[in-house]
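Student: So here's input.cif, just mmCIF, C-alpha atoms:
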data_query
loop_
_atom_site.group_PDB
_atom_site.id
_atom_site.type_symbol
_atom_site.label_atom_id
_atom_site.label_comp_id
_atom_site.auth_asym_id
_atom_site.auth_seq_id
_atom_site.Cartn_x
_atom_site.Cartn_y
_atom_site.Cartn_z
ATOM 1 C CA MET A 433 -2.151 28.974 4.979
ATOM 2 C CA PRO A 434 -3.882 25.529 5.166
ATOM 3 C CA ASN A 435 -3.077 23.261 8.052
ATOM 4 C CA SER A 436 -0.006 21.194 7.067
ATOM 5 C CA LYS A 437 -1.811 18.102 8.359
ATOM 6 C CA ASP A 438 -4.839 18.734 6.124
ATOM 7 C CA SER A 439 -4.693 15.920 3.548
ATOM 8 C CA VAL A 440 -4.229 16.714 -0.136
ATOM 9 C CA LEU A 441 -6.628 14.784 -2.382
ATOM 10 C CA THR A 442 -6.766 14.058 -6.107
ATOM 11 C CA THR A 443 -10.021 14.462 -8.025
ATOM 12 C CA ARG A 444 -10.566 10.705 -7.995
ATOM 13 C CA ALA A 445 -9.904 10.452 -4.253
ATOM 14 C CA THR A 446 -12.315 13.357 -3.726
ATOM 15 C CA ALA A 447 -14.991 11.537 -5.729
ATOM 16 C CA GLU A 448 -14.531 8.370 -3.665
ATOM 17 C CA LEU A 449 -14.730 10.322 -0.427
ATOM 18 C CA LEU A 450 -17.948 12.010 -1.575
ATOM 19 C CA GLY A 451 -19.408 8.831 -3.045
ATOM 20 C CA VAL A 452 -19.994 10.497 -6.443
ATOM 21 C CA ALA A 453 -18.734 9.987 -9.997
ATOM 22 C CA VAL A 454 -15.322 11.415 -10.881
ATOM 23 C CA SER A 455 -17.024 13.647 -13.469
ATOM 24 C CA THR A 456 -19.275 15.089 -10.740
ATOM 25 C CA ALA A 457 -16.349 15.783 -8.428
ATOM 26 C CA GLN A 458 -14.481 17.377 -11.327
ATOM 27 C CA LEU A 459 -17.448 19.647 -12.045
ATOM 28 C CA TRP A 460 -17.673 20.742 -8.396
ATOM 29 C CA ILE A 461 -13.951 21.459 -8.369
ATOM 30 C CA GLU A 462 -14.003 23.411 -11.629
ATOM 31 C CA ASN A 463 -17.007 25.552 -10.656
ATOM 32 C CA GLY A 464 -15.429 26.400 -7.291
ATOM 33 C CA ALA A 465 -17.797 24.434 -5.058
ATOM 34 C CA ILE A 466 -14.633 22.743 -3.778
ATOM 35 C CA PRO A 467 -11.652 25.146 -3.631
ATOM 36 C CA SER A 468 -8.654 23.746 -5.501
ATOM 37 C CA TRP A 469 -5.317 24.584 -7.074
ATOM 38 C CA LYS A 470 -3.186 23.277 -9.916
ATOM 39 C CA THR A 471 0.100 21.417 -9.457
ATOM 40 C CA PRO A 472 3.066 22.278 -11.708
ATOM 41 C CA GLY A 473 1.979 19.291 -13.803
ATOM 42 C CA GLY A 474 -1.467 20.804 -14.338
ATOM 43 C CA HIS A 475 -3.400 18.444 -12.039
ATOM 44 C CA ARG A 476 -6.106 19.709 -9.699
ATOM 45 C CA ARG A 477 -5.699 19.106 -5.953
ATOM 46 C CA VAL A 478 -8.046 19.877 -3.054
ATOM 47 C CA ARG A 479 -7.840 19.840 0.726
ATOM 48 C CA LEU A 480 -9.725 17.272 2.778
ATOM 49 C CA SER A 481 -11.155 20.077 4.919
ATOM 50 C CA ALA A 482 -12.727 21.672 1.815
ATOM 51 C CA VAL A 483 -14.372 18.379 0.873
ATOM 52 C CA LYS A 484 -15.707 17.972 4.414
ATOM 53 C CA ARG A 485 -17.223 21.465 4.293
ATOM 54 C CA LEU A 486 -19.053 20.623 1.073
ATOM 55 C CA MET A 487 -20.324 17.381 2.610
ATOM 56 C CA GLU A 488 -21.689 19.283 5.584
ATOM 57 C CA GLN A 489 -23.317 21.915 3.364
ATOM 58 C CA ARG A 490 -25.017 19.351 1.135
ATOM 59 C CA GLY A 491 -25.800 16.762 3.790
ATOM 60 C CA LEU A 492 -23.638 14.118 2.126
ATOM 61 C CA VAL A 493 -22.611 10.979 4.016
ATOM 62 C CA ALA A 494 -19.106 9.606 3.485
ATOM 63 C CA PRO A 495 -18.757 6.030 2.194
ATOM 64 C CA VAL A 496 -17.779 3.451 4.835
ATOM 65 C CA ALA A 497 -14.184 3.232 3.592
ATOM 66 C CA ALA A 498 -13.660 6.924 4.209
ATOM 67 C CA ALA A 499 -15.543 6.956 7.501
ATOM 68 C CA VAL A 500 -13.122 4.563 9.177
ATOM 69 C CA ALA A 501 -10.075 6.687 8.366
ATOM 70 C CA PRO A 502 -8.952 9.576 10.572
ATOM 71 C CA ALA A 503 -10.005 13.042 9.380
ATOM 72 C CA VAL A 504 -6.372 14.160 9.537
ATOM 73 C CA ALA A 505 -3.250 12.050 9.071
ATOM 74 C CA SER A 506 -1.156 11.583 12.199
ATOM 75 C CA SER A 507 2.073 12.381 10.340
ATOM 76 C CA ALA A 508 3.314 13.491 6.925
ATOM 77 C CA GLU A 509 4.136 9.957 5.839
ATOM 78 C CA PHE A 510 0.404 9.193 5.769
ATOM 79 C CA LEU A 511 -0.137 11.943 3.193
ATOM 80 C CA PRO A 512 0.577 11.469 -0.530
ATOM 81 C CA LEU A 513 3.752 12.987 -1.910
ATOM 82 C CA PRO A 514 3.265 15.807 -4.450
ATOM 83 C CA THR A 515 5.362 13.757 -6.870
ATOM 84 C CA ALA A 516 6.309 10.125 -6.325
ATOM 85 C CA ALA A 517 9.067 8.028 -7.895
ATOM 86 C CA TYR A 518 6.913 4.900 -7.541
ATOM 87 C CA PRO A 519 3.541 3.830 -8.981
ATOM 88 C CA VAL A 520 0.646 5.314 -6.990
ATOM 89 C CA PRO A 521 -2.875 3.848 -6.671
ATOM 90 C CA HIS A 522 -5.649 6.194 -7.805
ATOM 91 C CA ASP A 523 -6.943 6.253 -4.219
ATOM 92 C CA GLU A 524 -3.548 6.710 -2.526
ATOM 93 C CA ALA A 525 -4.809 9.467 -0.202
ATOM 94 C CA GLN A 526 -7.601 7.237 1.085
ATOM 95 C CA ARG A 527 -5.240 4.243 1.283
ATOM 96 C CA LEU A 528 -2.739 6.138 3.418
ATOM 97 C CA LEU A 529 -5.452 7.374 5.773
ATOM 98 C CA ALA A 530 -6.739 3.810 6.131
ATOM 99 C CA LEU A 531 -3.219 2.591 6.931
ATOM 100 C CA ASP A 532 -2.893 5.347 9.530
ATOM 101 C CA ALA A 533 -6.236 4.313 11.026
ATOM 102 C CA ALA A 534 -5.046 0.706 11.327
ATOM 103 C CA ARG A 535 -2.391 1.845 13.855
ATOM 104 C CA ILE A 536 -0.071 -0.996 12.884
ATOM 105 C CA VAL A 537 2.994 0.766 11.434
ATOM 106 C CA ASP A 538 5.955 0.818 13.861
ATOM 107 C CA THR A 539 4.301 -1.618 16.282
ATOM 108 C CA PRO A 540 6.383 -4.399 17.890
ATOM 109 C CA ALA A 541 6.822 -7.809 16.286
ATOM 110 C CA GLU A 542 3.952 -10.241 16.943
ATOM 111 C CA SER A 543 4.033 -14.023 16.792
ATOM 112 C CA VAL A 544 0.797 -14.247 14.788
ATOM 113 C CA PHE A 545 2.404 -12.376 11.875
ATOM 114 C CA ASP A 546 5.814 -14.020 12.324
ATOM 115 C CA ARG A 547 4.175 -17.455 11.965
ATOM 116 C CA LEU A 548 2.615 -16.375 8.686
ATOM 117 C CA THR A 549 5.893 -15.159 7.171
ATOM 118 C CA TRP A 550 7.613 -18.360 8.352
ATOM 119 C CA LEU A 551 4.902 -20.474 6.748
ATOM 120 C CA ALA A 552 5.067 -18.431 3.536
ATOM 121 C CA SER A 553 8.811 -19.035 3.396
ATOM 122 C CA GLN A 554 8.378 -22.758 4.060
ATOM 123 C CA VAL A 555 5.527 -23.539 1.656
ATOM 124 C CA THR A 556 7.199 -21.686 -1.232
ATOM 125 C CA GLU A 557 10.752 -22.762 -0.319
ATOM 126 C CA SER A 558 11.814 -19.115 -0.346
ATOM 127 C CA PRO A 559 14.710 -17.810 1.771
ATOM 128 C CA MET A 560 12.921 -14.498 2.418
ATOM 129 C CA ALA A 561 9.360 -13.533 3.322
ATOM 130 C CA LEU A 562 7.865 -10.236 4.465
ATOM 131 C CA ILE A 563 4.700 -8.599 5.702
ATOM 132 C CA SER A 564 5.238 -5.152 4.248
ATOM 133 C CA LEU A 565 3.198 -1.988 4.894
ATOM 134 C CA LEU A 566 3.526 1.065 2.656
ATOM 135 C CA THR A 567 3.489 4.652 3.893
ATOM 136 C CA SER A 568 4.178 7.453 1.414
ATOM 137 C CA LYS A 569 7.867 7.481 2.394
ATOM 138 C CA ARG A 570 8.843 3.972 3.377
ATOM 139 C CA GLN A 571 8.204 0.266 3.181
ATOM 140 C CA TRP A 572 8.038 -0.984 6.769
ATOM 141 C CA PHE A 573 8.171 -4.667 7.687
ATOM 142 C CA LYS A 574 5.739 -5.840 10.337
ATOM 143 C CA SER A 575 7.352 -9.272 10.033
ATOM 144 C CA ARG A 576 10.385 -10.542 8.157
ATOM 145 C CA ILE A 577 12.230 -13.787 7.476
ATOM 146 C CA GLY A 578 15.728 -13.750 5.950
ATOM 147 C CA VAL A 579 15.921 -9.947 5.752
ATOM 148 C CA GLU A 580 17.969 -7.915 8.210
ATOM 149 C CA VAL A 581 16.596 -4.389 7.659
ATOM 150 C CA VAL A 582 13.266 -3.340 9.182
ATOM 151 C CA GLU A 583 12.322 -0.921 6.389
ATOM 152 C CA THR A 584 13.389 0.534 3.048
ATOM 153 C CA PRO A 585 12.504 3.715 1.157
ATOM 154 C CA ARG A 586 9.122 3.441 -0.592
ATOM 155 C CA ASP A 587 10.936 4.182 -3.872
ATOM 156 C CA TRP A 588 12.560 0.744 -3.636
ATOM 157 C CA ALA A 589 9.400 -1.223 -2.850
ATOM 158 C CA PHE A 590 8.354 -3.968 -5.262
ATOM 159 C CA CYS A 591 5.181 -3.935 -3.150
ATOM 160 C CA SER A 592 4.180 -0.552 -4.618
ATOM 161 C CA HIS A 593 3.463 -2.454 -7.821
ATOM 162 C CA ALA A 594 1.790 -5.376 -6.043
ATOM 163 C CA ILE A 595 -0.888 -3.238 -4.323
ATOM 164 C CA LEU A 596 -2.121 -1.989 -7.700
ATOM 165 C CA GLN A 597 -3.943 -5.284 -8.286
ATOM 166 C CA ASP A 598 -6.122 -7.653 -6.278
ATOM 167 C CA GLY A 599 -4.315 -10.891 -7.028
ATOM 168 C CA LEU A 600 -0.840 -12.317 -7.373
ATOM 169 C CA PHE A 601 2.006 -10.079 -8.533
ATOM 170 C CA VAL A 602 5.147 -11.897 -9.690
ATOM 171 C CA VAL A 603 8.594 -10.884 -10.882
ATOM 172 C CA GLU A 604 10.383 -14.028 -12.056
ATOM 173 C CA ASP A 605 13.758 -12.379 -12.736
ATOM 174 C CA ALA A 606 14.226 -8.792 -11.569
ATOM 175 C CA THR A 607 17.436 -8.377 -13.597
ATOM 176 C CA ARG A 608 15.385 -8.774 -16.786
ATOM 177 C CA ASP A 609 12.569 -6.464 -15.732
ATOM 178 C CA PRO A 610 13.162 -2.794 -16.621
ATOM 179 C CA ARG A 611 11.040 -1.722 -13.629
ATOM 180 C CA PHE A 612 13.434 -3.360 -11.162
ATOM 181 C CA GLN A 613 16.790 -4.123 -12.780
ATOM 182 C CA ASP A 614 18.393 -0.965 -11.337
ATOM 183 C CA ASN A 615 16.680 -1.218 -7.955
ATOM 184 C CA PRO A 616 19.132 -0.991 -4.999
ATOM 185 C CA LEU A 617 17.624 -4.218 -3.600
ATOM 186 C CA VAL A 618 18.464 -5.982 -6.859
ATOM 187 C CA ILE A 619 21.961 -4.643 -7.540
ATOM 188 C CA GLY A 620 22.828 -4.773 -3.818
ATOM 189 C CA GLU A 621 21.755 -6.715 -0.736
ATOM 190 C CA PRO A 622 19.669 -8.832 -0.569
ATOM 191 C CA HIS A 623 20.136 -9.237 -4.377
ATOM 192 C CA ILE A 624 16.492 -9.933 -5.143
ATOM 193 C CA ARG A 625 15.808 -11.885 -8.305
ATOM 194 C CA PHE A 626 12.392 -13.402 -7.642
ATOM 195 C CA TYR A 627 9.422 -11.693 -5.982
ATOM 196 C CA ALA A 628 5.812 -12.818 -5.488
ATOM 197 C CA ALA A 629 3.116 -11.115 -3.394
ATOM 198 C CA PHE A 630 -0.557 -10.866 -2.580
ATOM 199 C CA PRO A 631 -1.973 -7.575 -1.242
ATOM 200 C CA LEU A 632 -3.168 -7.278 2.362
ATOM 201 C CA PHE A 633 -6.550 -5.561 2.688
ATOM 202 C CA ASP A 634 -8.428 -3.838 5.473
ATOM 203 C CA ALA A 635 -12.151 -4.453 6.032
ATOM 204 C CA ASN A 636 -13.051 -2.040 3.222
ATOM 205 C CA LYS A 637 -10.845 -3.765 0.637
ATOM 206 C CA VAL A 638 -8.200 -1.029 0.851
ATOM 207 C CA PRO A 639 -4.685 -2.445 0.251
ATOM 208 C CA LEU A 640 -2.325 -1.600 3.109
ATOM 209 C CA GLY A 641 0.662 -3.688 2.057
ATOM 210 C CA THR A 642 1.576 -7.222 1.047
ATOM 211 C CA LEU A 643 2.632 -10.669 2.107
ATOM 212 C CA CYS A 644 5.549 -11.436 -0.189
ATOM 213 C CA VAL A 645 8.239 -14.042 -0.728
ATOM 214 C CA LEU A 646 11.637 -13.389 -2.324
ATOM 215 C CA ASP A 647 14.558 -15.370 -3.655
ATOM 216 C CA ARG A 648 18.092 -14.667 -4.835
ATOM 217 C CA GLU A 649 17.548 -16.904 -7.868
ATOM 218 C CA PRO A 650 15.080 -16.497 -10.756
ATOM 219 C CA ARG A 651 12.166 -18.915 -10.419
ATOM 220 C CA ARG A 652 8.453 -19.559 -10.712
ATOM 221 C CA LEU A 653 5.788 -20.632 -8.232
ATOM 222 C CA ARG A 654 3.831 -23.844 -8.637
ATOM 223 C CA ASP A 655 0.044 -23.774 -8.417
ATOM 224 C CA ARG A 656 -0.019 -25.189 -4.893
ATOM 225 C CA GLU A 657 2.514 -22.600 -3.740
ATOM 226 C CA ILE A 658 0.403 -19.794 -5.199
ATOM 227 C CA ARG A 659 -2.691 -21.102 -3.417
ATOM 228 C CA SER A 660 -0.793 -21.434 -0.124
ATOM 229 C CA LEU A 661 0.542 -17.878 -0.384
ATOM 230 C CA ARG A 662 -2.960 -16.580 -1.214
ATOM 231 C CA GLU A 663 -4.441 -18.285 1.861
ATOM 232 C CA LEU A 664 -1.717 -16.988 4.157
ATOM 233 C CA ALA A 665 -2.247 -13.450 2.831
ATOM 234 C CA ALA A 666 -5.986 -13.812 3.508
ATOM 235 C CA ILE A 667 -5.238 -14.845 7.098
ATOM 236 C CA ALA A 668 -2.897 -11.866 7.542
ATOM 237 C CA SER A 669 -5.605 -9.544 6.167
ATOM 238 C CA GLU A 670 -8.182 -11.037 8.537
ATOM 239 C CA GLU A 671 -5.853 -10.492 11.481
ATOM 240 C CA ILE A 672 -5.393 -6.830 10.541
ATOM 241 C CA GLN A 673 -9.155 -6.449 10.115
ATOM 242 C CA ARG A 674 -9.889 -8.152 13.440
ATOM 243 C CA ARG A 675 -7.838 -5.666 15.420
ATOM 244 C CA THR A 676 -9.166 -2.617 13.570
ATOM 245 C CA ARG A 677 -12.874 -3.354 13.945
ATOM 246 C CA PRO A 678 -14.780 -0.993 16.259
#
For the structure just supplied, provide its representation as C-alpha cells.

Tutor:
Amino acid sequence: MPNSKDSVLTTRATAELLGVAVSTAQLWIENGAIPSWKTPGGHRRVRLSAVKRLMEQRGLVAPVAAAVAPAVASSAEFLPLPTAAYPVPHDEAQRLLALDAARIVDTPAESVFDRLTWLASQVTESPMALISLLTSKRQWFKSRIGVEVVETPRDWAFCSHAILQDGLFVVEDATRDPRFQDNPLVIGEPHIRFYAAFPLFDANKVPLGTLCVLDREPRRLRDREIRSLRELAAIASEEIQRRTRP
C-alpha cells in the first residue's frame, strides 16, 4: 500500500512537476511509464513518488516551483481531496505543497499582517478584512478584522474562487449570486453580502490565499479602493516571500 503521505497528483500537476506538456505526461501515464489508477469519475491519478522515480530515471530536473515544495506533505490537509465541494485550481497539489513549504498556517498573529488587514479595512471602508490561507480542508485566517472565528471549512471559502485568477475577484451581492447565496457565511454570521479579494502569491507565483475585504451590505469598490487593496495584497505577498526565501 502506498505511503498515506505520498501526494496524489492529477495529470496536469504531474506535467507541471516534470516540466513537460500535459499531452506528454498523459502519454507517459497511459503507457505505464508512470504508474497510475482511475478514480470513480474516470480521471487518472498518480503518486508523487512515482513521478520522482521517473525523474531520476530520465535525469529530469524539477521546475523551480516544485523544487521549493516539500517532497511529502506534512499533514493530510496539504494533500488534495479526492472530491472537493469547492472549485479547485488545476495545480492544487502543487499549490498545497507550496503552502505547506511556507510554514505559515497555524502560526501566531503578527503585527505586520495585522497592519495590512487594518489598512485594507480602512481604505475600503469595510467592516471586515482577512488574510486567508487555504488548505484542502479549511480556510485559516493569518489576520482578521471584524471577524471572530479563526477559520472556516474550505467548502465555505469565497477565497477558493478568488485564487483561480490573478487579479481582483468581486462579489457585489452574495444573496444574488448562485455560487454563494446558500453559503453558511451568507445566511448566517457574519452575513456576508459584499466580498473583494486579491490573491497572495509565493515567490513562484503560486496562490496561497487572499487579502480580502467584506461587508454586510451590497456595494462596489471605487478605482482608488481597488488600487489600494491591490498594493496591500502585493505587500502581504512580499512579506510571505521574504520569510520563505532560502

Student: Looking at A:Leu566, A:Val483, A:Thr642, A:Ala534, which one is nearest to A:Arg674, with distances taken over all atoms listed in the file?

Tutor: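 For A:Arg674, the nearest of the given residues is A:Ala534.
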
Student: Name the closest residue to A:Leu551 among the candidates A:Leu450, A:Ile563, A:Ala635, A:Leu617; distances are taken between atoms, counting all atoms listed in the file.

Tutor: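 The closest residue to A:Leu551 is A:Ile563.
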
Student: On this structure, the PyMOL selection byres ((chain A and resi 596) around 12) would catch which residues? List them as JSON, numbers by chain, sorted by chain and number.

Tutor: {"A": [518, 519, 520, 521, 522, 523, 524, 527, 590, 591, 592, 593, 594, 595, 597, 598, 599, 600, 601, 629, 630, 631, 632, 633, 638, 639, 640, 641, 642]}

Student: I'd like the neighbourhood of A:Ala516 as a PyMOL selection string, where a residue qualifies if any of its atoms comes within 9 Å (using all atoms listed in the file), though same-chain residues fewer than 4 positions away should be ignored.

Tutor: chain A and resi 512+520+568+587

Student: With distances taken over only C-alpha atoms, which of A:Val579, A:Leu661, A:Ala561, A:Ser439 is nearest to A:Leu646?

Tutor: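 Answer, going by the shortest atom-to-atom distance: A:Ala561.
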
Student: Closest to A:Thr567 among A:Phe545, A:Trp469, A:Phe612, A:Phe510, using all atoms listed in the file?

Tutor: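 Closest candidate: A:Phe510.
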
Student: Which distance in Å separates atom CA of A:Pro514 and atom CA of A:Gly620, to one decimal?

Tutor: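 Distance reported for this atom pair: 28.4 Å.
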
Student: Given the file shown, enumerate the residues that the PyMOL selection byres ((chain A and resi 651) around 7) captures and present them as a list in words.

Tutor: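 This file gives the following for the PyMOL selection byres ((chain A and resi 651) around 7): Glu604, Phe626, Glu649, Pro650, Arg652 and Leu653 of chain A.
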
Student: May I ask which of the residues A:Ser564, A:Gln613, A:Gln571, A:Gln458 is the closest one to A:Leu643, counting only C-alpha atoms?

Tutor: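 Between A:Ser564, A:Gln613, A:Gln571, A:Gln458, the residue approaching A:Leu643 most closely is A:Ser564.
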
Student: Might you pull out every residue within 12 Å of A:Arg547, with only C-alpha atoms counted and same-chain residues fewer than 2 positions away left off, and present them as a JSON list (two decimals) with C-alpha atoms, keeping the file's coordinate frame?

Tutor:
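Once written, out.json looks like this:
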[["chain", "number", "residue", "atom", "x", "y", "z"],
["A", 541, "ALA", "CA", 6.82, -7.81, 16.29],
["A", 542, "GLU", "CA", 3.95, -10.24, 16.94],
["A", 543, "SER", "CA", 4.03, -14.02, 16.79],
["A", 544, "VAL", "CA", 0.80, -14.25, 14.79],
["A", 545, "PHE", "CA", 2.40, -12.38, 11.88],
["A", 549, "THR", "CA", 5.89, -15.16, 7.17],
["A", 550, "TRP", "CA", 7.61, -18.36, 8.35],
["A", 551, "LEU", "CA", 4.90, -20.47, 6.75],
["A", 552, "ALA", "CA", 5.07, -18.43, 3.54],
["A", 553, "SER", "CA", 8.81, -19.04, 3.40],
["A", 554, "GLN", "CA", 8.38, -22.76, 4.06],
["A", 561, "ALA", "CA", 9.36, -13.53, 3.32],
["A", 562, "LEU", "CA", 7.86, -10.24, 4.46],
["A", 563, "ILE", "CA", 4.70, -8.60, 5.70],
["A", 574, "LYS", "CA", 5.74, -5.84, 10.34],
["A", 575, "SER", "CA", 7.35, -9.27, 10.03],
["A", 576, "ARG", "CA", 10.38, -10.54, 8.16],
["A", 577, "ILE", "CA", 12.23, -13.79, 7.48],
["A", 664, "LEU", "CA", -1.72, -16.99, 4.16],
["A", 665, "ALA", "CA", -2.25, -13.45, 2.83],
["A", 667, "ILE", "CA", -5.24, -14.84, 7.10],
["A", 668, "ALA", "CA", -2.90, -11.87, 7.54]]

Student: Rounded to one decimal place, report the atom CA of A:Val454-atom CA of A:Pro472 distance in Å.

Tutor: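 About the pair atom CA of A:Val454 and atom CA of A:Pro472: they are 21.4 Å apart.
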
Student: As a check of understanding, name the residues that the PyMOL selection byres ((chain A and resi 440) around 12) selects in the supplied structure, as a VMD selection string.

Tutor: chain A and resid 434 to 439 441 to 446 467 to 471 476 to 483 503 to 505 508 510 to 514 523 to 526 528 to 529

Student: Figure out the distance between atom CA of A:Glu657 and atom CA of A:Thr556, please, to one decimal in Å.

Tutor: 5.4 Å

Student: Go through A:Glu509, A:Asp634, A:Pro559, A:Glu462 one by one, measure the shortest atom-to-atom distance of each to A:Arg586 using only C-alpha atoms, and give the residue with the smallest value.

Tutor: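 Distance minimum relative to A:Arg586 lands on A:Glu509.
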
Student: Hey, what's within 7 Å of A:Arg648 if we count only C-alpha atoms and toss same-chain stuff fewer than 3 positions away? As a list in words, please?

Tutor: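 Those residues are His623, Ile624, Arg625 and Phe626 of chain A.
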
Student: Since fewer atoms than expected are present, regenerate N, CA and C atoms for stretch 664-677 of chain A and write them as an mmCIF file, keeping the file's coordinate frame.

Tutor:
data_model
loop_
_atom_site.group_PDB
_atom_site.id
_atom_site.type_symbol
_atom_site.label_atom_id
_atom_site.label_comp_id
_atom_site.auth_asym_id
_atom_site.auth_seq_id
_atom_site.Cartn_x
_atom_site.Cartn_y
_atom_site.Cartn_z
ATOM 1 N N LEU A 664 -2.450 -17.639 3.063
ATOM 2 C CA LEU A 664 -1.717 -16.988 4.157
ATOM 3 C C LEU A 664 -1.928 -15.477 4.134
ATOM 4 N N ALA A 665 -1.972 -14.886 2.939
ATOM 5 C CA ALA A 665 -2.247 -13.450 2.831
ATOM 6 C C ALA A 665 -3.654 -13.136 3.324
ATOM 7 N N ALA A 666 -4.617 -14.021 3.036
ATOM 8 C CA ALA A 666 -5.986 -13.812 3.508
ATOM 9 C C ALA A 666 -6.039 -13.855 5.037
ATOM 10 N N ILE A 667 -5.279 -14.759 5.639
ATOM 11 C CA ILE A 667 -5.238 -14.845 7.098
ATOM 12 C C ILE A 667 -4.615 -13.577 7.684
ATOM 13 N N ALA A 668 -3.532 -13.098 7.068
ATOM 14 C CA ALA A 668 -2.897 -11.866 7.542
ATOM 15 C C ALA A 668 -3.866 -10.689 7.430
ATOM 16 N N SER A 669 -4.612 -10.613 6.325
ATOM 17 C CA SER A 669 -5.605 -9.544 6.167
ATOM 18 C C SER A 669 -6.675 -9.640 7.249
ATOM 19 N N GLU A 670 -7.149 -10.849 7.512
ATOM 20 C CA GLU A 670 -8.182 -11.037 8.537
ATOM 21 C C GLU A 670 -7.682 -10.630 9.914
ATOM 22 N N GLU A 671 -6.414 -10.881 10.187
ATOM 23 C CA GLU A 671 -5.853 -10.492 11.481
ATOM 24 C C GLU A 671 -5.792 -8.972 11.608
ATOM 25 N N ILE A 672 -5.394 -8.298 10.542
ATOM 26 C CA ILE A 672 -5.393 -6.830 10.541
ATOM 27 C C ILE A 672 -6.805 -6.307 10.726
ATOM 28 N N GLN A 673 -7.763 -6.898 10.021
ATOM 29 C CA GLN A 673 -9.155 -6.449 10.115
ATOM 30 C C GLN A 673 -9.734 -6.700 11.503
ATOM 31 N N ARG A 674 -9.368 -7.816 12.107
ATOM 32 C CA ARG A 674 -9.889 -8.152 13.440
ATOM 33 C C ARG A 674 -9.523 -7.105 14.469
ATOM 34 N N ARG A 675 -8.293 -6.618 14.398
ATOM 35 C CA ARG A 675 -7.838 -5.666 15.420
ATOM 36 C C ARG A 675 -8.227 -4.228 15.112
ATOM 37 N N THR A 676 -8.757 -3.974 13.905
ATOM 38 C CA THR A 676 -9.166 -2.617 13.570
ATOM 39 C C THR A 676 -10.674 -2.442 13.564
ATOM 40 N N ARG A 677 -11.424 -3.504 13.862
ATOM 41 C CA ARG A 677 -12.874 -3.354 13.945
ATOM 42 C C ARG A 677 -13.245 -2.554 15.182
#
